[in-house]
Amino acid sequence: MKITPTTPEYKGYRFPPAIISHAVWLYFRFSLSFRDVEELLAQRGIVVTYETVRQWCLTFGQTYANELRRRRPRCGDTWHMDEVFLTIRGEKHYLWRAVDQDGNVLDILVQSRRNKKAAKRFFRKLLKGLQYVPRVIITDKLKSYAAAKREILPGVEHRQHKGLNNRAENSHQPTRLREKKMRRFKSAQHAQRFLSAFGPITGHFQPRRHRLHAQEYLVLLQSRFQAWNEVTGIKQAA
């Protein structure tokens with residue numbers, strides 16, 4: 001199927017798309033603050049404030065992430081699901097995450113509960129975004145998953161075992177690193193907004209390197225950068 005690229009709208013911005021997209025890439029790809037990105041750009045003679053970088057990330061981060069998700073191949077049919085707690089302004093929230101058997105992040109959702117209603121909401125969000133039903137779902141022994149699965153995905157095999165779900169649990173590690181760098185999220189909306197863009201952008205530039213030869217990895221990485229340039233509209237603007 002031919003994909004028609006959706007070019008972001010840069011009209012009215014003083015800096016060219018190459019600089020804007022590079023700043024957004026630095027922030028979401030590496031564990032950097034807005035001030036760190038400001039300093040890296042200054043070293044290259046590009047004078048912008050960290051507030052400008054923040055606005056770029058807010059405006060374009062999710063747009064880039066959505067296009068990357070739309071372009072990626074269909075993910076696997078085995079879904080690993082897990083939830084991890086986030087402390088936001090002294091209150092406990094839960095980050096629900098689903099990954100496939102290859103470690104691709106399928107979707108995330110920040111909620112204040114982890115009951116049946118929250119699980120059903122997460123299932124519906126996954127199905128709406130992916131538009132296909134999995135063959136197997138793998139979770140820990142939280143009863144909310146089984147209760148929601150019986151109503152939303154009655155014909156799908158469900159395996160509940162903590163040891164089988166290491167892939168989903170390991171996928172939380174990058175979030176923990178960024179949470180620490182950001183000195184925790186300011187609100188549930190802030191966490192949802194950041195992580196919705198962070199996952200697709202970071203995952204796009206992190207192929208499973210341990211399974212690739214050096215030359216294969218370099219070729220794949222170059223193709224990922226080419227796709228990034230198309231998504232951010234750099235080629236069209238050049």
# chains A, B, ... in the order shown; residues from 1 in each chain; ligands from 1
call {"tool": "residues_around", "arguments": {"residues": "range 27-30 of chain A", "least_positions_apart": "3", "cutoff": "8 Å", "atoms": "only C-alpha atoms", "output": "JSON, numbers by chain"}}
result
{"A": [23, 24, 33, 34, 37, 57, 197, 198, 201, 202, 205]}
call {"tool": "residues_around", "arguments": {"residues": "Trp79 in chain A", "least_positions_apart": "4", "cutoff": "6 Å", "atoms": "only C-alpha atoms", "output": "list of chain:residue names"}}
result
A:Val99, A:Asp100, A:Ile137
call {"tool": "write_last_selection", "arguments": {"atoms": "C-alpha atoms", "output": "PDB file, in the first residue's frame"}}
result
ATOM      1  CA  VAL A  99       4.408  -4.215  23.436  1.00  0.00           C
ATOM      2  CA  ASP A 100       4.536  -6.976  20.851  1.00  0.00           C
ATOM      3  CA  ILE A 137      -2.115 -11.551  25.136  1.00  0.00           C
TER       4      ILE A 137
END
call {"tool": "closest_residue", "arguments": {"among": "A:Arg224, A:Lys141, A:Arg183, A:Arg193", "to": "Ile88 in chain A", "atoms": "only C-alpha atoms"}}
result
A:Arg183
call {"tool": "residues_around", "arguments": {"residues": "Gly76 in chain A", "least_positions_apart": "5", "cutoff": "8 Å", "atoms": "only C-alpha atoms", "output": "PDB file with N, CA and C atoms, in the first residue's frame"}}
result
ATOM      1  N   ASP A 100       4.687  -5.692  21.530  1.00  0.00           N
ATOM      2  CA  ASP A 100       4.536  -6.976  20.851  1.00  0.00           C
ATOM      3  C   ASP A 100       5.731  -7.871  21.167  1.00  0.00           C
ATOM      4  N   GLN A 101       5.799  -9.038  20.528  1.00  0.00           N
ATOM      5  CA  GLN A 101       6.849 -10.004  20.835  1.00  0.00           C
ATOM      6  C   GLN A 101       8.237  -9.533  20.407  1.00  0.00           C
ATOM      7  N   ASP A 102       8.293  -8.506  19.555  1.00  0.00           N
ATOM      8  CA  ASP A 102       9.581  -7.957  19.130  1.00  0.00           C
ATOM      9  C   ASP A 102       9.991  -6.724  19.927  1.00  0.00           C
ATOM     10  N   PRO A 134      -5.189  -9.389  18.448  1.00  0.00           N
ATOM     11  CA  PRO A 134      -4.020 -10.245  18.643  1.00  0.00           C
ATOM     12  C   PRO A 134      -4.384 -11.721  18.691  1.00  0.00           C
TER      13      PRO A 134
END
call {"tool": "residues_around", "arguments": {"residues": "Arg121 in chain A", "least_positions_apart": "4", "cutoff": "9 Å", "atoms": "only C-alpha atoms", "output": "PDB file with N, CA and C atoms, in the first residue's frame"}}
result
ATOM      1  N   LEU A 109      -1.091   4.281  28.078  1.00  0.00           N
ATOM      2  CA  LEU A 109      -2.191   5.061  28.624  1.00  0.00           C
ATOM      3  C   LEU A 109      -1.943   5.295  30.109  1.00  0.00           C
ATOM      4  N   LYS A 116     -10.907  -3.022  36.567  1.00  0.00           N
ATOM      5  CA  LYS A 116     -11.479  -3.553  35.339  1.00  0.00           C
ATOM      6  C   LYS A 116     -11.826  -2.445  34.351  1.00  0.00           C
ATOM      7  N   LYS A 117     -12.399  -1.347  34.850  1.00  0.00           N
ATOM      8  CA  LYS A 117     -12.771  -0.240  33.975  1.00  0.00           C
ATOM      9  C   LYS A 117     -11.550   0.346  33.278  1.00  0.00           C
ATOM     10  N   LYS A 125      -8.504   1.376  23.555  1.00  0.00           N
ATOM     11  CA  LYS A 125      -7.545   2.289  22.940  1.00  0.00           C
ATOM     12  C   LYS A 125      -6.581   1.537  22.029  1.00  0.00           C
ATOM     13  N   LEU A 126      -6.130   0.381  22.476  1.00  0.00           N
ATOM     14  CA  LEU A 126      -5.238  -0.444  21.658  1.00  0.00           C
ATOM     15  C   LEU A 126      -5.911  -0.885  20.361  1.00  0.00           C
ATOM     16  N   ALA A 148     -11.491  -7.737  31.965  1.00  0.00           N
ATOM     17  CA  ALA A 148     -11.685  -6.907  30.777  1.00  0.00           C
ATOM     18  C   ALA A 148     -11.580  -7.728  29.506  1.00  0.00           C
TER      19      ALA A 148
END
call {"tool": "atom_distance", "arguments": {"atom1": "CA of Ser187 in chain A", "atom2": "CA of Arg97 in chain A"}}
result
17.8 Å
call {"tool": "residues_around", "arguments": {"residues": "Lys180 in chain A", "least_positions_apart": "4", "cutoff": "12 Å", "atoms": "only C-alpha atoms", "output": "list of chain:residue names"}}
result
A:Ser31, A:Leu32, A:Ser33, A:Leu86, A:Thr87, A:Gln173, A:Pro174, A:Thr175, A:Arg176, A:Arg184, A:Phe185
call {"tool": "residues_around", "arguments": {"residues": "Ser112 in chain A", "least_positions_apart": "5", "cutoff": "8 Å", "atoms": "only C-alpha atoms", "output": "list in words"}}
result
Lys92, His93 and Tyr94 of chain A
call {"tool": "write_last_selection", "arguments": {"atoms": "N, CA and C atoms", "output": "PDB file, in the first residue's frame"}}
result
ATOM      1  N   LYS A  92      -0.645   8.576  43.249  1.00  0.00           N
ATOM      2  CA  LYS A  92      -0.237   7.410  42.469  1.00  0.00           C
ATOM      3  C   LYS A  92      -1.082   7.289  41.207  1.00  0.00           C
ATOM      4  N   HIS A  93      -0.404   7.179  40.067  1.00  0.00           N
ATOM      5  CA  HIS A  93      -1.046   6.895  38.790  1.00  0.00           C
ATOM      6  C   HIS A  93      -0.419   5.639  38.211  1.00  0.00           C
ATOM      7  N   TYR A  94      -1.027   5.123  37.163  1.00  0.00           N
ATOM      8  CA  TYR A  94      -0.531   3.898  36.547  1.00  0.00           C
ATOM      9  C   TYR A  94      -0.342   4.107  35.050  1.00  0.00           C
TER      10      TYR A  94
END
call {"tool": "select_by_dssp", "arguments": {"residues": "chain A", "states": "strand (DSSP E or B)", "output": "ChimeraX atom specification"}}
result
/A:78-88,91-100,105-111,136-139,157-160
call {"tool": "residues_around", "arguments": {"residues": "Leu95 in chain A", "least_positions_apart": "3", "cutoff": "12 Å", "atoms": "only C-alpha atoms", "output": "PyMOL selection string"}}
result
chain A and resi 81-88+92+98+107-114+118-119+122+168-169+171-172+175-176+185+188-189+191-192+195-196
call {"tool": "write_last_selection", "arguments": {"atoms": "N, CA and C atoms", "output": "CSV table (one decimal), in the first residue's frame"}}
result
chain,number,residue,atom,x,y,z
A,81,MET,N,1.4,-7.1,28.0
A,81,MET,CA,0.8,-5.9,28.7
A,81,MET,C,1.3,-5.8,30.1
A,82,ASP,N,1.5,-4.6,30.6
A,82,ASP,CA,2.0,-4.4,32.0
A,82,ASP,C,1.6,-3.0,32.4
A,83,GLU,N,1.6,-2.8,33.7
A,83,GLU,CA,1.3,-1.4,34.2
A,83,GLU,C,2.4,-1.2,35.3
A,84,VAL,N,2.8,0.1,35.4
A,84,VAL,CA,3.8,0.5,36.4
A,84,VAL,C,3.3,1.8,37.0
A,85,PHE,N,3.6,2.0,38.3
A,85,PHE,CA,3.0,3.2,38.9
A,85,PHE,C,3.9,4.4,38.7
A,86,LEU,N,3.3,5.5,38.6
A,86,LEU,CA,3.9,6.8,38.5
A,86,LEU,C,3.4,7.7,39.7
A,87,THR,N,4.4,8.3,40.4
A,87,THR,CA,4.0,9.3,41.4
A,87,THR,C,4.0,10.7,40.9
A,88,ILE,N,2.8,11.3,40.8
A,88,ILE,CA,2.7,12.6,40.2
A,88,ILE,C,2.0,13.5,41.2
A,92,LYS,N,-0.6,8.6,43.2
A,92,LYS,CA,-0.2,7.4,42.5
A,92,LYS,C,-1.1,7.3,41.2
A,98,ALA,N,1.6,-1.6,26.3
A,98,ALA,CA,1.5,-2.9,25.6
A,98,ALA,C,2.7,-2.9,24.5
A,107,ASP,N,1.2,0.9,22.4
A,107,ASP,CA,0.4,2.0,22.9
A,107,ASP,C,0.7,2.1,24.4
A,108,ILE,N,0.4,3.3,24.9
A,108,ILE,CA,0.4,3.6,26.4
A,108,ILE,C,-0.8,4.4,26.8
A,109,LEU,N,-1.1,4.3,28.1
A,109,LEU,CA,-2.2,5.1,28.6
A,109,LEU,C,-1.9,5.3,30.1
A,110,VAL,N,-2.0,6.6,30.5
A,110,VAL,CA,-1.8,6.9,31.9
A,110,VAL,C,-3.2,7.1,32.6
A,111,GLN,N,-3.4,6.3,33.7
A,111,GLN,CA,-4.7,6.3,34.3
A,111,GLN,C,-4.5,6.4,35.9
A,112,SER,N,-5.5,6.7,36.6
A,112,SER,CA,-5.4,6.8,38.0
A,112,SER,C,-5.8,5.5,38.7
A,113,ARG,N,-6.3,4.6,38.0
A,113,ARG,CA,-6.7,3.3,38.5
A,113,ARG,C,-6.1,2.1,37.7
A,114,ARG,N,-6.2,0.9,38.3
A,114,ARG,CA,-5.8,-0.3,37.6
A,114,ARG,C,-6.9,-1.4,37.8
A,118,ALA,N,-10.5,0.5,34.0
A,118,ALA,CA,-9.2,1.0,33.4
A,118,ALA,C,-8.7,0.1,32.4
A,119,ALA,N,-8.7,-1.2,32.7
A,119,ALA,CA,-8.2,-2.2,31.7
A,119,ALA,C,-9.0,-2.2,30.4
A,122,PHE,N,-8.1,0.7,28.3
A,122,PHE,CA,-6.8,0.4,27.6
A,122,PHE,C,-7.0,-0.5,26.5
A,168,ALA,N,7.4,-6.8,28.5
A,168,ALA,CA,6.7,-5.6,28.9
A,168,ALA,C,7.3,-4.8,30.1
A,169,GLU,N,7.7,-5.6,31.1
A,169,GLU,CA,8.3,-5.0,32.2
A,169,GLU,C,9.6,-4.2,31.9
A,171,SER,N,10.3,-2.9,29.1
A,171,SER,CA,10.0,-1.7,28.3
A,171,SER,C,9.7,-0.5,29.1
A,172,HIS,N,9.5,-0.6,30.4
A,172,HIS,CA,9.3,0.5,31.3
A,172,HIS,C,10.6,1.3,31.6
A,175,THR,N,11.3,4.8,30.3
A,175,THR,CA,10.4,5.8,30.9
A,175,THR,C,11.0,6.2,32.2
A,176,ARG,N,11.4,5.2,33.0
A,176,ARG,CA,12.0,5.5,34.3
A,176,ARG,C,13.2,6.5,34.2
A,185,PHE,N,7.0,13.6,36.4
A,185,PHE,CA,6.0,14.3,35.5
A,185,PHE,C,5.2,15.3,36.3
A,188,ALA,N,-0.8,14.0,35.0
A,188,ALA,CA,-1.1,12.9,34.2
A,188,ALA,C,-1.1,13.2,32.7
A,189,GLN,N,-1.6,14.4,32.4
A,189,GLN,CA,-1.7,14.9,31.0
A,189,GLN,C,-0.3,15.1,30.4
A,191,ALA,N,2.4,13.5,31.4
A,191,ALA,CA,3.0,12.2,31.2
A,191,ALA,C,2.5,11.5,29.9
A,192,GLN,N,1.2,11.6,29.7
A,192,GLN,CA,0.6,11.0,28.5
A,192,GLN,C,1.1,11.7,27.3
A,195,LEU,N,5.0,10.8,26.8
A,195,LEU,CA,5.3,9.4,26.5
A,195,LEU,C,4.6,8.9,25.1
A,196,SER,N,3.5,9.6,24.7
A,196,SER,CA,2.9,9.2,23.4
A,196,SER,C,3.8,9.6,22.3
call {"tool": "select_by_dssp", "arguments": {"residues": "range 64-226 of chain A", "states": "alpha helix (DSSP H)", "output": "PyMOL selection string"}}
result
chain A and resi 64-71+116-130+143-152+166-170+173-181+188-204+214-226
call {"tool": "write_last_selection", "arguments": {"atoms": "C-alpha atoms", "output": "PDB file, in the first residue's frame"}}
result
ATOM      1  CA  TYR A  64       6.238  13.226  13.980  1.00  0.00           C
ATOM      2  CA  ALA A  65       5.385  10.291  16.254  1.00  0.00           C
ATOM      3  CA  ASN A  66       1.983   9.739  14.650  1.00  0.00           C
ATOM      4  CA  GLU A  67       3.498   9.639  11.177  1.00  0.00           C
ATOM      5  CA  LEU A  68       6.222   7.204  12.274  1.00  0.00           C
ATOM      6  CA  ARG A  69       3.587   4.919  13.765  1.00  0.00           C
ATOM      7  CA  ARG A  70       1.521   5.098  10.579  1.00  0.00           C
ATOM      8  CA  ARG A  71       4.513   4.113   8.464  1.00  0.00           C
ATOM      9  CA  LYS A 116     -11.479  -3.553  35.339  1.00  0.00           C
ATOM     10  CA  LYS A 117     -12.771  -0.240  33.975  1.00  0.00           C
ATOM     11  CA  ALA A 118      -9.219   1.017  33.425  1.00  0.00           C
ATOM     12  CA  ALA A 119      -8.209  -2.246  31.729  1.00  0.00           C
ATOM     13  CA  LYS A 120     -11.219  -2.082  29.381  1.00  0.00           C
ATOM     14  CA  ARG A 121     -10.363   1.482  28.472  1.00  0.00           C
ATOM     15  CA  PHE A 122      -6.799   0.440  27.633  1.00  0.00           C
ATOM     16  CA  PHE A 123      -7.977  -2.504  25.510  1.00  0.00           C
ATOM     17  CA  ARG A 124     -10.298  -0.251  23.534  1.00  0.00           C
ATOM     18  CA  LYS A 125      -7.545   2.289  22.940  1.00  0.00           C
ATOM     19  CA  LEU A 126      -5.238  -0.444  21.658  1.00  0.00           C
ATOM     20  CA  LEU A 127      -7.818  -1.927  19.305  1.00  0.00           C
ATOM     21  CA  LYS A 128      -8.817   1.468  17.945  1.00  0.00           C
ATOM     22  CA  GLY A 129      -5.231   2.439  17.188  1.00  0.00           C
ATOM     23  CA  LEU A 130      -3.964  -0.900  15.819  1.00  0.00           C
ATOM     24  CA  LYS A 143      -7.354  -9.846  37.761  1.00  0.00           C
ATOM     25  CA  SER A 144      -8.438  -6.686  35.930  1.00  0.00           C
ATOM     26  CA  TYR A 145      -6.875  -7.986  32.705  1.00  0.00           C
ATOM     27  CA  ALA A 146      -8.869 -11.230  32.754  1.00  0.00           C
ATOM     28  CA  ALA A 147     -12.129  -9.455  33.570  1.00  0.00           C
ATOM     29  CA  ALA A 148     -11.685  -6.907  30.777  1.00  0.00           C
ATOM     30  CA  LYS A 149     -10.449  -9.494  28.294  1.00  0.00           C
ATOM     31  CA  ARG A 150     -13.575 -11.628  28.751  1.00  0.00           C
ATOM     32  CA  GLU A 151     -15.711  -8.710  27.561  1.00  0.00           C
ATOM     33  CA  ILE A 152     -13.487  -7.031  24.966  1.00  0.00           C
ATOM     34  CA  ASN A 166       9.493  -9.653  31.174  1.00  0.00           C
ATOM     35  CA  ARG A 167       9.381  -7.992  27.758  1.00  0.00           C
ATOM     36  CA  ALA A 168       6.663  -5.577  28.867  1.00  0.00           C
ATOM     37  CA  GLU A 169       8.322  -4.966  32.234  1.00  0.00           C
ATOM     38  CA  ASN A 170      11.670  -4.192  30.585  1.00  0.00           C
ATOM     39  CA  GLN A 173      13.051   1.188  31.832  1.00  0.00           C
ATOM     40  CA  PRO A 174      13.456   4.075  29.317  1.00  0.00           C
ATOM     41  CA  THR A 175      10.428   5.770  30.880  1.00  0.00           C
ATOM     42  CA  ARG A 176      11.993   5.545  34.327  1.00  0.00           C
ATOM     43  CA  LEU A 177      15.199   7.146  33.032  1.00  0.00           C
ATOM     44  CA  ARG A 178      13.319  10.065  31.485  1.00  0.00           C
ATOM     45  CA  GLU A 179      11.099  10.441  34.531  1.00  0.00           C
ATOM     46  CA  LYS A 180      14.214  10.852  36.670  1.00  0.00           C
ATOM     47  CA  LYS A 181      15.781  13.321  34.236  1.00  0.00           C
ATOM     48  CA  ALA A 188      -1.104  12.853  34.171  1.00  0.00           C
ATOM     49  CA  GLN A 189      -1.693  14.875  30.998  1.00  0.00           C
ATOM     50  CA  HIS A 190       1.995  15.821  30.890  1.00  0.00           C
ATOM     51  CA  ALA A 191       3.030  12.169  31.213  1.00  0.00           C
ATOM     52  CA  GLN A 192       0.562  11.033  28.537  1.00  0.00           C
ATOM     53  CA  ARG A 193       1.598  13.775  26.122  1.00  0.00           C
ATOM     54  CA  PHE A 194       5.327  13.188  26.519  1.00  0.00           C
ATOM     55  CA  LEU A 195       5.253   9.377  26.454  1.00  0.00           C
ATOM     56  CA  SER A 196       2.906   9.238  23.439  1.00  0.00           C
ATOM     57  CA  ALA A 197       5.582  10.985  21.384  1.00  0.00           C
ATOM     58  CA  PHE A 198       8.600   9.561  23.178  1.00  0.00           C
ATOM     59  CA  GLY A 199       7.784   5.907  22.484  1.00  0.00           C
ATOM     60  CA  PRO A 200       7.468   5.974  18.667  1.00  0.00           C
ATOM     61  CA  ILE A 201      10.381   8.371  18.142  1.00  0.00           C
ATOM     62  CA  THR A 202      12.801   6.540  20.429  1.00  0.00           C
ATOM     63  CA  GLY A 203      11.717   3.128  19.176  1.00  0.00           C
ATOM     64  CA  HIS A 204      12.209   4.196  15.563  1.00  0.00           C
ATOM     65  CA  ALA A 214      27.487  -4.030  12.177  1.00  0.00           C
ATOM     66  CA  GLN A 215      26.937  -3.392   8.474  1.00  0.00           C
ATOM     67  CA  GLU A 216      23.289  -4.433   8.672  1.00  0.00           C
ATOM     68  CA  TYR A 217      22.774  -2.094  11.605  1.00  0.00           C
ATOM     69  CA  LEU A 218      24.309   0.869   9.763  1.00  0.00           C
ATOM     70  CA  VAL A 219      22.193   0.245   6.662  1.00  0.00           C
ATOM     71  CA  LEU A 220      19.039  -0.047   8.766  1.00  0.00           C
ATOM     72  CA  LEU A 221      19.881   3.085  10.736  1.00  0.00           C
ATOM     73  CA  GLN A 222      20.385   5.056   7.520  1.00  0.00           C
ATOM     74  CA  SER A 223      16.975   3.937   6.294  1.00  0.00           C
ATOM     75  CA  ARG A 224      15.469   5.059   9.615  1.00  0.00           C
ATOM     76  CA  PHE A 225      17.055   8.496   9.217  1.00  0.00           C
ATOM     77  CA  GLN A 226      15.759   8.701   5.660  1.00  0.00           C
TER      78      GLN A 226
END
call {"tool": "closest_residue", "arguments": {"among": "A:Ile138, A:Gly90, A:Leu58, A:Val133", "to": "Gly155 in chain A", "atoms": "only C-alpha atoms"}}
result
A:Val133
call {"tool": "closest_residue", "arguments": {"among": "A:Arg14, A:Glu91, A:Asn115, A:Arg74", "to": "Gln131 in chain A", "atoms": "only C-alpha atoms"}}
result
A:Arg74
call {"tool": "closest_residue", "arguments": {"among": "A:Thr49, A:Thr232, A:Thr139, A:Gln55", "to": "Glu9 in chain A", "atoms": "only C-alpha atoms"}}
result
A:Thr232
call {"tool": "closest_residue", "arguments": {"among": "A:Arg89, A:Ile19, A:Lys11, A:Arg54", "to": "Asp36 in chain A", "atoms": "only C-alpha atoms"}}
result
A:Arg54
